[in-house]
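Source file: start.txt (compact mmCIF, C-alpha atoms (C1' of nucleotides))
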```txt
# COMPACT_ATOMS: atom_id res chain seq x y z
CA MET A 1 -37.14 -24.25 1.65
CA ARG A 2 -35.65 -22.96 4.87
CA ILE A 3 -32.53 -20.87 5.21
CA GLY A 4 -30.17 -23.72 6.02
CA GLU A 5 -31.12 -25.60 2.91
CA LEU A 6 -30.70 -22.50 0.78
CA ALA A 7 -27.30 -21.99 2.37
CA THR A 8 -26.04 -25.48 1.62
CA GLY A 9 -27.67 -25.37 -1.80
CA THR A 10 -25.78 -22.25 -2.79
CA GLY A 11 -22.59 -22.54 -0.77
CA VAL A 12 -23.38 -19.28 0.94
CA SER A 13 -23.47 -18.94 4.71
CA VAL A 14 -26.71 -18.48 6.62
CA ARG A 15 -25.35 -15.21 7.93
CA ALA A 16 -24.73 -13.97 4.41
CA LEU A 17 -28.30 -14.80 3.37
CA ARG A 18 -29.71 -12.80 6.26
CA TYR A 19 -27.34 -10.02 5.32
CA TYR A 20 -28.64 -10.10 1.75
CA GLU A 21 -32.16 -9.70 3.02
CA GLU A 22 -31.07 -6.82 5.21
CA GLN A 23 -29.60 -5.18 2.10
CA ASN A 24 -32.81 -5.75 0.12
CA LEU A 25 -31.20 -8.18 -2.26
CA LEU A 26 -33.35 -11.12 -1.26
CA THR A 27 -36.87 -11.44 0.15
CA SER A 28 -38.50 -14.25 2.06
CA GLU A 29 -41.88 -15.38 3.24
CA ARG A 30 -42.21 -16.09 6.92
CA THR A 31 -43.88 -19.02 8.65
CA PRO A 32 -46.24 -18.13 11.52
CA SER A 33 -43.34 -18.73 13.88
CA GLY A 34 -41.15 -16.28 12.02
CA GLN A 35 -38.87 -18.62 10.12
CA ARG A 36 -37.86 -17.69 6.59
CA GLN A 37 -39.27 -19.62 3.64
CA TYR A 38 -37.74 -19.43 0.19
CA PRO A 39 -38.98 -20.63 -3.20
CA ASP A 40 -36.69 -22.79 -5.34
CA SER A 41 -35.94 -19.78 -7.49
CA ALA A 42 -34.07 -18.26 -4.56
CA ILE A 43 -31.11 -20.47 -5.42
CA ASP A 44 -30.60 -18.83 -8.79
CA ARG A 45 -31.17 -15.48 -7.22
CA VAL A 46 -28.44 -16.04 -4.66
CA LEU A 47 -26.06 -17.30 -7.30
CA LEU A 48 -26.74 -14.18 -9.33
CA ILE A 49 -26.03 -12.02 -6.31
CA GLN A 50 -22.77 -13.86 -5.80
CA GLN A 51 -21.82 -13.23 -9.41
CA LEU A 52 -22.45 -9.53 -9.05
CA TYR A 53 -20.43 -9.42 -5.83
CA ALA A 54 -17.65 -11.24 -7.62
CA ALA A 55 -17.82 -8.55 -10.28
CA GLY A 56 -16.96 -6.03 -7.59
CA LEU A 57 -20.38 -4.45 -7.17
CA THR A 58 -21.44 -3.26 -3.73
CA SER A 59 -24.65 -4.25 -1.98
CA LYS A 60 -26.17 -0.90 -2.81
CA SER A 61 -25.34 -1.16 -6.49
CA ILE A 62 -26.75 -4.64 -6.65
CA ALA A 63 -29.90 -3.53 -4.86
CA ASP A 64 -30.34 -0.74 -7.37
CA LEU A 65 -29.66 -2.87 -10.40
CA LEU A 66 -31.31 -6.16 -9.50
CA PRO A 67 -34.86 -5.15 -10.46
CA CYS A 68 -33.53 -4.28 -13.86
CA VAL A 69 -31.51 -7.46 -14.21
CA VAL A 70 -34.39 -9.62 -13.06
CA ASN A 71 -37.30 -7.91 -14.80
CA GLY A 72 -35.62 -6.34 -17.78
CA GLU A 73 -37.06 -3.04 -16.64
CA ALA A 74 -34.83 -0.01 -16.87
CA THR A 75 -34.88 3.72 -16.77
CA PRO A 76 -32.32 5.68 -18.77
CA GLU A 77 -30.50 6.49 -15.52
CA LEU A 78 -30.31 2.81 -14.60
CA LEU A 79 -29.01 2.02 -18.05
CA THR A 80 -26.29 4.60 -17.56
CA ARG A 81 -25.30 3.01 -14.28
CA LEU A 82 -25.34 -0.44 -15.77
CA ALA A 83 -23.07 0.70 -18.57
CA ALA A 84 -20.80 2.40 -16.04
CA GLU A 85 -20.55 -0.80 -14.03
CA ARG A 86 -19.77 -2.74 -17.17
CA ASP A 87 -17.02 -0.30 -18.10
CA HIS A 88 -15.65 -0.54 -14.59
CA ILE A 89 -15.53 -4.30 -14.96
CA ASP A 90 -13.69 -3.85 -18.23
CA THR A 91 -10.99 -1.77 -16.61
CA ARG A 92 -10.65 -4.30 -13.82
CA ILE A 93 -10.27 -7.08 -16.35
CA ALA A 94 -7.62 -5.03 -18.11
CA ASP A 95 -5.75 -4.45 -14.83
CA LEU A 96 -5.91 -8.12 -13.99
CA THR A 97 -4.70 -9.07 -17.43
CA THR A 98 -1.75 -6.72 -17.14
CA ALA A 99 -0.81 -8.11 -13.77
CA ARG A 100 -1.25 -11.64 -15.02
CA THR A 101 1.07 -11.02 -17.95
CA ARG A 102 3.67 -9.56 -15.66
CA LEU A 103 3.39 -12.38 -13.17
CA ASN A 104 3.60 -14.95 -15.90
CA ALA A 105 6.74 -13.38 -17.30
CA VAL A 106 8.29 -13.57 -13.87
CA ILE A 107 7.27 -17.19 -13.54
CA THR A 108 8.78 -18.28 -16.82
CA ALA A 109 11.96 -16.31 -16.15
CA ALA A 110 12.34 -17.74 -12.67
CA THR A 111 11.59 -21.24 -13.92
CA THR A 112 14.35 -20.90 -16.50
CA ASN A 113 16.72 -19.69 -13.82
CA LEU A 114 15.87 -22.65 -11.66
CA ARG A 115 16.36 -25.08 -14.53
CA THR A 116 19.74 -23.67 -15.49
CA GLY A 117 20.76 -23.53 -11.87
CA GLN A 118 21.13 -19.79 -11.86
CA HIS A 119 19.14 -18.35 -9.02
CA CYS A 120 20.22 -14.85 -9.72
CA GLN A 121 20.99 -12.88 -12.82
CA ARG A 122 23.44 -10.37 -11.40
CA PRO A 123 26.74 -10.60 -13.36
CA MET B 1 13.44 12.40 -3.94
CA ARG B 2 11.32 12.97 -0.88
CA ILE B 3 8.05 11.29 -0.05
CA GLY B 4 5.80 14.05 -1.34
CA GLU B 5 7.41 14.01 -4.73
CA LEU B 6 7.14 10.25 -4.92
CA ALA B 7 3.50 10.54 -3.99
CA THR B 8 2.64 13.05 -6.69
CA GLY B 9 4.83 11.18 -9.17
CA THR B 10 2.92 7.96 -8.66
CA GLY B 11 -0.53 9.19 -7.75
CA VAL B 12 -0.31 7.35 -4.44
CA SER B 13 -0.89 9.10 -1.13
CA VAL B 14 1.91 9.84 1.31
CA ARG B 15 0.12 7.75 3.86
CA ALA B 16 0.05 4.81 1.49
CA LEU B 17 3.78 5.07 0.85
CA ARG B 18 4.54 4.99 4.57
CA TYR B 19 2.17 2.05 4.82
CA TYR B 20 4.09 0.23 2.07
CA GLU B 21 7.28 0.74 4.01
CA GLU B 22 5.62 -0.58 7.15
CA GLN B 23 4.63 -3.67 5.17
CA ASN B 24 8.17 -4.12 3.82
CA LEU B 25 7.18 -3.42 0.25
CA LEU B 26 9.31 -0.33 -0.08
CA THR B 27 12.53 0.81 1.59
CA SER B 28 13.99 4.26 1.98
CA GLU B 29 17.18 5.93 3.01
CA ARG B 30 16.90 8.53 5.73
CA THR B 31 18.45 11.97 5.92
CA PRO B 32 20.22 12.82 9.20
CA SER B 33 17.01 14.49 10.33
CA GLY B 34 15.00 11.37 9.63
CA GLN B 35 13.25 12.23 6.39
CA ARG B 36 12.81 9.52 3.78
CA GLN B 37 14.86 9.63 0.58
CA TYR B 38 13.95 7.57 -2.46
CA PRO B 39 15.86 6.81 -5.66
CA ASP B 40 14.13 7.43 -8.99
CA SER B 41 13.56 3.71 -9.33
CA ALA B 42 11.09 3.95 -6.47
CA ILE B 43 8.49 5.25 -8.88
CA ASP B 44 8.49 2.06 -10.90
CA ARG B 45 8.53 0.08 -7.71
CA VAL B 46 5.43 1.82 -6.41
CA LEU B 47 3.64 1.40 -9.72
CA LEU B 48 4.46 -2.30 -9.62
CA ILE B 49 3.09 -2.54 -6.10
CA GLN B 50 -0.08 -0.82 -7.27
CA GLN B 51 -0.42 -3.30 -10.08
CA LEU B 52 -0.12 -6.22 -7.72
CA TYR B 53 -2.67 -4.69 -5.37
CA ALA B 54 -4.96 -4.20 -8.35
CA ALA B 55 -4.50 -7.88 -9.09
CA GLY B 56 -5.98 -8.63 -5.70
CA LEU B 57 -2.79 -9.60 -3.86
CA THR B 58 -2.44 -8.74 -0.19
CA SER B 59 0.47 -6.85 1.34
CA LYS B 60 1.87 -10.05 2.72
CA SER B 61 1.73 -11.83 -0.62
CA ILE B 62 3.38 -8.90 -2.33
CA ALA B 63 6.07 -8.76 0.34
CA ASP B 64 6.79 -12.44 -0.18
CA LEU B 65 6.81 -12.28 -3.94
CA LEU B 66 8.46 -8.93 -4.63
CA PRO B 67 12.06 -10.15 -4.21
CA CYS B 68 11.33 -12.75 -6.83
CA VAL B 69 9.60 -10.33 -9.17
CA VAL B 70 12.36 -7.76 -8.82
CA ASN B 71 15.43 -9.96 -8.80
CA GLY B 72 14.25 -12.94 -10.76
CA GLU B 73 15.26 -15.06 -7.81
CA ALA B 74 12.94 -17.84 -6.80
CA THR B 75 12.73 -20.95 -4.73
CA PRO B 76 10.46 -23.77 -5.83
CA GLU B 77 8.03 -22.79 -3.07
CA LEU B 78 7.89 -19.21 -4.30
CA LEU B 79 7.31 -20.44 -7.82
CA THR B 80 4.41 -22.49 -6.56
CA ARG B 81 2.92 -19.45 -4.88
CA LEU B 82 3.43 -17.32 -7.93
CA ALA B 83 1.65 -19.88 -10.06
CA ALA B 84 -1.13 -20.08 -7.51
CA GLU B 85 -1.58 -16.32 -7.58
CA ARG B 86 -1.64 -16.38 -11.35
CA ASP B 87 -4.29 -19.07 -11.35
CA HIS B 88 -6.26 -17.08 -8.83
CA ILE B 89 -6.12 -14.10 -11.15
CA ASP B 90 -7.32 -16.32 -13.97
CA THR B 91 -10.39 -17.36 -12.04
CA ARG B 92 -11.10 -13.75 -11.13
CA ILE B 93 -10.85 -12.76 -14.77
CA ALA B 94 -13.22 -15.58 -15.64
CA ASP B 95 -15.68 -14.44 -12.97
CA LEU B 96 -15.52 -10.89 -14.19
CA THR B 97 -16.00 -11.96 -17.77
CA THR B 98 -19.07 -13.98 -16.83
CA ALA B 99 -20.56 -11.06 -14.95
CA ARG B 100 -19.72 -8.72 -17.77
CA THR B 101 -21.46 -10.91 -20.29
CA ARG B 102 -24.51 -11.11 -18.12
CA LEU B 103 -24.56 -7.38 -17.50
CA ASN B 104 -24.14 -6.67 -21.15
CA ALA B 105 -27.02 -8.93 -22.06
CA VAL B 106 -29.18 -7.04 -19.60
CA ILE B 107 -28.06 -3.75 -21.06
CA THR B 108 -28.85 -4.66 -24.63
CA ALA B 109 -32.20 -6.15 -23.64
CA ALA B 110 -33.16 -3.14 -21.58
CA THR B 111 -32.01 -0.78 -24.32
CA THR B 112 -34.23 -2.60 -26.79
CA ASN B 113 -37.13 -2.36 -24.38
CA LEU B 114 -36.57 1.34 -24.02
CA ARG B 115 -36.41 1.85 -27.75
CA THR B 116 -39.58 -0.05 -28.42
CA GLY B 117 -41.26 1.70 -25.56
CA GLN B 118 -41.82 -1.52 -23.64
CA HIS B 119 -40.43 -1.12 -20.15
CA CYS B 120 -41.51 -4.53 -19.05
CA GLN B 121 -41.76 -7.88 -20.71
CA ARG B 122 -44.55 -9.39 -18.65
CA PRO B 123 -47.42 -10.44 -21.01
C1' DC C 1 14.02 35.61 10.90
C1' DT C 2 9.68 34.01 10.21
C1' DA C 3 5.85 31.89 8.27
C1' DA C 4 4.30 28.41 5.30
C1' DA C 5 4.78 24.01 3.61
C1' DA C 6 6.47 19.47 4.06
C1' DC C 7 7.78 15.81 7.00
C1' DC C 8 7.83 12.79 11.23
C1' DT C 9 5.61 9.23 14.58
C1' DG C 10 1.81 7.31 16.86
C1' DA C 11 -2.84 6.16 17.15
C1' DC C 12 -7.63 6.03 16.28
C1' DG C 13 -11.42 5.95 12.42
C1' DT C 14 -13.54 3.88 8.19
C1' DC C 15 -16.00 0.81 5.15
C1' DG C 16 -17.98 -3.46 3.41
C1' DA C 17 -19.24 -8.22 3.76
C1' DC C 18 -19.74 -10.89 6.52
C1' DG C 19 -18.04 -14.09 11.32
C1' DT C 20 -19.27 -15.01 15.81
C1' DC C 21 -21.38 -15.06 20.17
C1' DA C 22 -25.45 -14.65 23.38
C1' DG C 23 -29.84 -15.75 24.65
C1' DA C 24 -34.27 -17.37 23.29
C1' DG C 25 -37.60 -19.86 20.69
C1' DG C 26 -39.09 -23.76 17.14
C1' DC C 27 -39.28 -28.70 15.30
C1' DA C 28 -38.81 -33.65 14.26
C1' DA C 29 -37.29 -38.18 16.61
C1' DG C 30 -37.17 -41.49 20.11
C1' DC D 1 -41.03 -35.09 27.17
C1' DT D 2 -36.68 -34.13 26.18
C1' DT D 3 -32.79 -34.08 23.42
C1' DG D 4 -30.50 -32.04 19.80
C1' DC D 5 -30.40 -29.46 15.75
C1' DC D 6 -32.33 -25.41 13.30
C1' DT D 7 -33.75 -20.79 13.44
C1' DC D 8 -34.48 -16.10 15.30
C1' DT D 9 -32.84 -11.21 16.59
C1' DG D 10 -29.52 -8.11 18.15
C1' DA D 11 -24.95 -6.67 18.62
C1' DC D 12 -20.06 -6.68 18.72
C1' DG D 13 -15.64 -8.43 16.19
C1' DT D 14 -12.67 -8.81 11.96
C1' DC D 15 -9.57 -7.69 8.25
C1' DG D 16 -7.06 -4.88 4.90
C1' DA D 17 -5.59 -0.61 2.94
C1' DC D 18 -5.45 3.11 3.91
C1' DG D 19 -7.76 8.29 5.86
C1' DT D 20 -7.32 11.49 9.35
C1' DC D 21 -6.10 13.91 13.36
C1' DA D 22 -2.71 15.39 17.02
C1' DG D 23 1.45 17.28 18.28
C1' DG D 24 5.99 18.06 17.13
C1' DT D 25 10.37 18.81 13.85
C1' DT D 26 12.45 20.27 9.36
C1' DT D 27 12.91 22.48 5.10
C1' DT D 28 11.98 26.21 2.07
C1' DA D 29 10.52 30.83 0.41
C1' DG D 30 10.41 35.60 1.15
```
Could you show the structure in this file as structure tokens?
Amino acid sequence: MRIGELATGTGVSVRALRYYEEQNLLTSERTPSGQRQYPDSAIDRVLLIQQLYAAGLTSKSIADLLPCVVNGEATPELLTRLAAERDHIDTRIADLTTARTRLNAVITAATTNLRTGQHCQRP
Amino acid sequence: MRIGELATGTGVSVRALRYYEEQNLLTSERTPSGQRQYPDSAIDRVLLIQQLYAAGLTSKSIADLLPCVVNGEATPELLTRLAAERDHIDTRIADLTTARTRLNAVITAATTNLRTGQHCQRP
DNA sequence: CTAAAACCTGACGTCGACGTCAGAGGCAAG
DNA sequence: CTTGCCTCTGACGTCGACGTCAGGTTTTAG
């Protein structure tokens, strides 16, 4: 498939796909005229990349870790990094959960205020 | 307290505190010579701001929502935004959880490979 | 009184993941 | 053949939350 099809198939922009290649996250064959050709598996690959980005990893981290994620290969150092990234994700989840709890408390309180007609609690 | 004390008391840089003021997230009294003066409550305020940043909110969103969070005041529109931010946080948590699960699977698989001495699963 | 430390206001620099524009070539349809 | 869309390679622009530097004032310690 060509780059446009991969883009629409994954919901990722053409620019982003070229950027991924530039960052060594994604490879492509080239037609004699120089156009990129991707196998069907590229779709899953791009979706995986998106997931890792969503997890807060940088391009460099993803580039380092992708061979391991894809092949199951790993050195002890890579395993350490993977575990570190996982722990980082854990702390981010914890932060988000804290913020969510706080926000939700505010929402329920404010909703109650609205319902009872009191827009402010100052006595 | 002065800005340096607030900075060390919250773990936030002086520059960041001035930035918060610029973004209308934080106010300060001024001494006759122009130096900022903060009440003790500013510490909690800054920590709250940090939490909301950690939740992925922008300065503008925080500026809009802080009066509500602090005072319990809210208009229906603000409530809608608050709920939207909360839902956004939920999806981010879900994304992170998915990535974490995936990463963890990779870690356990790779650890097993290391233990059994097989660095690659290709037959 | 003086030197160090803290504070002030601009204003430019940074970093990452792209967006966007320019200019040029490629490809299927009529 | 040409029209119109797709693709290519640079290369500069963006945005947000600050970092950092310059040049000057203020507060504090000795």
For Val46 of chain A, please output as a count of residues only all residues within 9 Å (counting only C-alpha atoms (C1' of nucleotides); exclusion window: fewer than 2 positions along the same chain). 15
Any idea which chain A residues end up within 10 Å of chain C if we count all atoms listed in the file, as a list of chain:residue names please? A:Ser13, A:Arg15, A:Ala16, A:Leu17, A:Tyr19, A:Tyr20, A:Ser33, A:Gly34, A:Gln35, A:Tyr53, A:Thr58, A:Ser59
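With distances restricted to only C-alpha atoms, A:Asn71 is the closest residue to chain B from A:Gln23, A:Thr31, A:Asn71, A:Thr91.
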Interface list for chain D, partner chain B, 9 Å threshold, all atoms listed in the file, as a list in words: DG16, DA17, DC18, DG19, DT25 and DT26 of chain D
Kindly save the residues from that selection, with C-alpha atoms (C1' of nucleotides) included, as an mmCIF file, in the coordinates of the input.
```cif
data_model
loop_
_atom_site.group_PDB
_atom_site.id
_atom_site.type_symbol
_atom_site.label_atom_id
_atom_site.label_comp_id
_atom_site.auth_asym_id
_atom_site.auth_seq_id
_atom_site.Cartn_x
_atom_site.Cartn_y
_atom_site.Cartn_z
ATOM 1 C "C1'" DG D 16 -7.060 -4.880 4.900
ATOM 2 C "C1'" DA D 17 -5.590 -0.610 2.940
ATOM 3 C "C1'" DC D 18 -5.450 3.110 3.910
ATOM 4 C "C1'" DG D 19 -7.760 8.290 5.860
ATOM 5 C "C1'" DT D 25 10.370 18.810 13.850
ATOM 6 C "C1'" DT D 26 12.450 20.270 9.360
#
```
As a compact mmCIF listing (two decimals) with C-alpha atoms, keeping the file's coordinate frame, please: the residues near segment 98-102 of chain B (cut-off 9 Å, only C-alpha atoms (C1' of nucleotides), same-chain neighbours under 2 positions excluded).
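Written out: out-v4.txt:
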```txt
# COMPACT_ATOMS: atom_id res chain seq x y z
CA LEU A 48 -26.74 -14.18 -9.33
CA GLN A 51 -21.82 -13.23 -9.41
CA LEU A 52 -22.45 -9.53 -9.05
CA ALA A 54 -17.65 -11.24 -7.62
CA ALA A 55 -17.82 -8.55 -10.28
CA VAL A 69 -31.51 -7.46 -14.21
CA GLU A 85 -20.55 -0.80 -14.03
CA ARG A 86 -19.77 -2.74 -17.17
CA ASP A 87 -17.02 -0.30 -18.10
CA ILE A 89 -15.53 -4.30 -14.96
CA ASP A 90 -13.69 -3.85 -18.23
CA ILE B 93 -10.85 -12.76 -14.77
CA ALA B 94 -13.22 -15.58 -15.64
CA ASP B 95 -15.68 -14.44 -12.97
CA LEU B 96 -15.52 -10.89 -14.19
CA ASN B 104 -24.14 -6.67 -21.15
CA ALA B 105 -27.02 -8.93 -22.06
CA VAL B 106 -29.18 -7.04 -19.60
CA ILE B 107 -28.06 -3.75 -21.06
```
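If you measure from each of A:Glu77, A:Thr112, A:Leu57, A:Leu82 to chain B using all atoms listed in the file, the closest one turns out to be A:Leu82.
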For Leu78 of chain A, work out the shell of residues within 12 Å, counting only C-alpha atoms (C1' of nucleotides) and skipping chain neighbours fewer than 3 positions away, then give it as a VMD selection string. (chain A and resid 61 to 69 72 to 75 81 to 85) or (chain B and resid 106 to 107 110 to 111 114)
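The gap separating atom CA of Gly4 of chain A from atom C1' of DG4 of chain D is 16.1 Å, in Å to one decimal.
Atom to atom, atom CA of Gly11 of chain B and atom CA of Tyr38 of chain B stand 15.5 Å apart.
Coordinates place atom C1' of DA29 of chain D at a distance of 17.9 Å from atom CA of Glu5 of chain B.
In this comparison, which uses only C-alpha atoms, the residue of B:Val70, B:Glu29, B:Gly56, B:Asp40 approaching Ala109 of chain A most closely is B:Val70.
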Closest of A:Glu22, A:Leu79, A:Leu47, A:His88 to chain B, counting all atoms listed in the file, is A:Leu79
Axis-aligned box for segment 6-11 of chain C, 3 Å per side, centre and edges in Å as AutoDock Vina command-line options:
```
--center_x 2.5 --center_y 12.8 --center_z 10.6 --size_x 16.7 --size_y 19.3 --size_z 19.1
```
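Among A:Thr97, A:Thr27, A:Gln37, A:Thr8, the residue with the shortest atom-to-atom distance to chain B, counting all atoms listed in the file, is A:Thr97.
Nearest to chain A of all the residues B:Pro39, B:Asn113, B:Arg45, B:Gly9 is B:Asn113, based on all atoms listed in the file.
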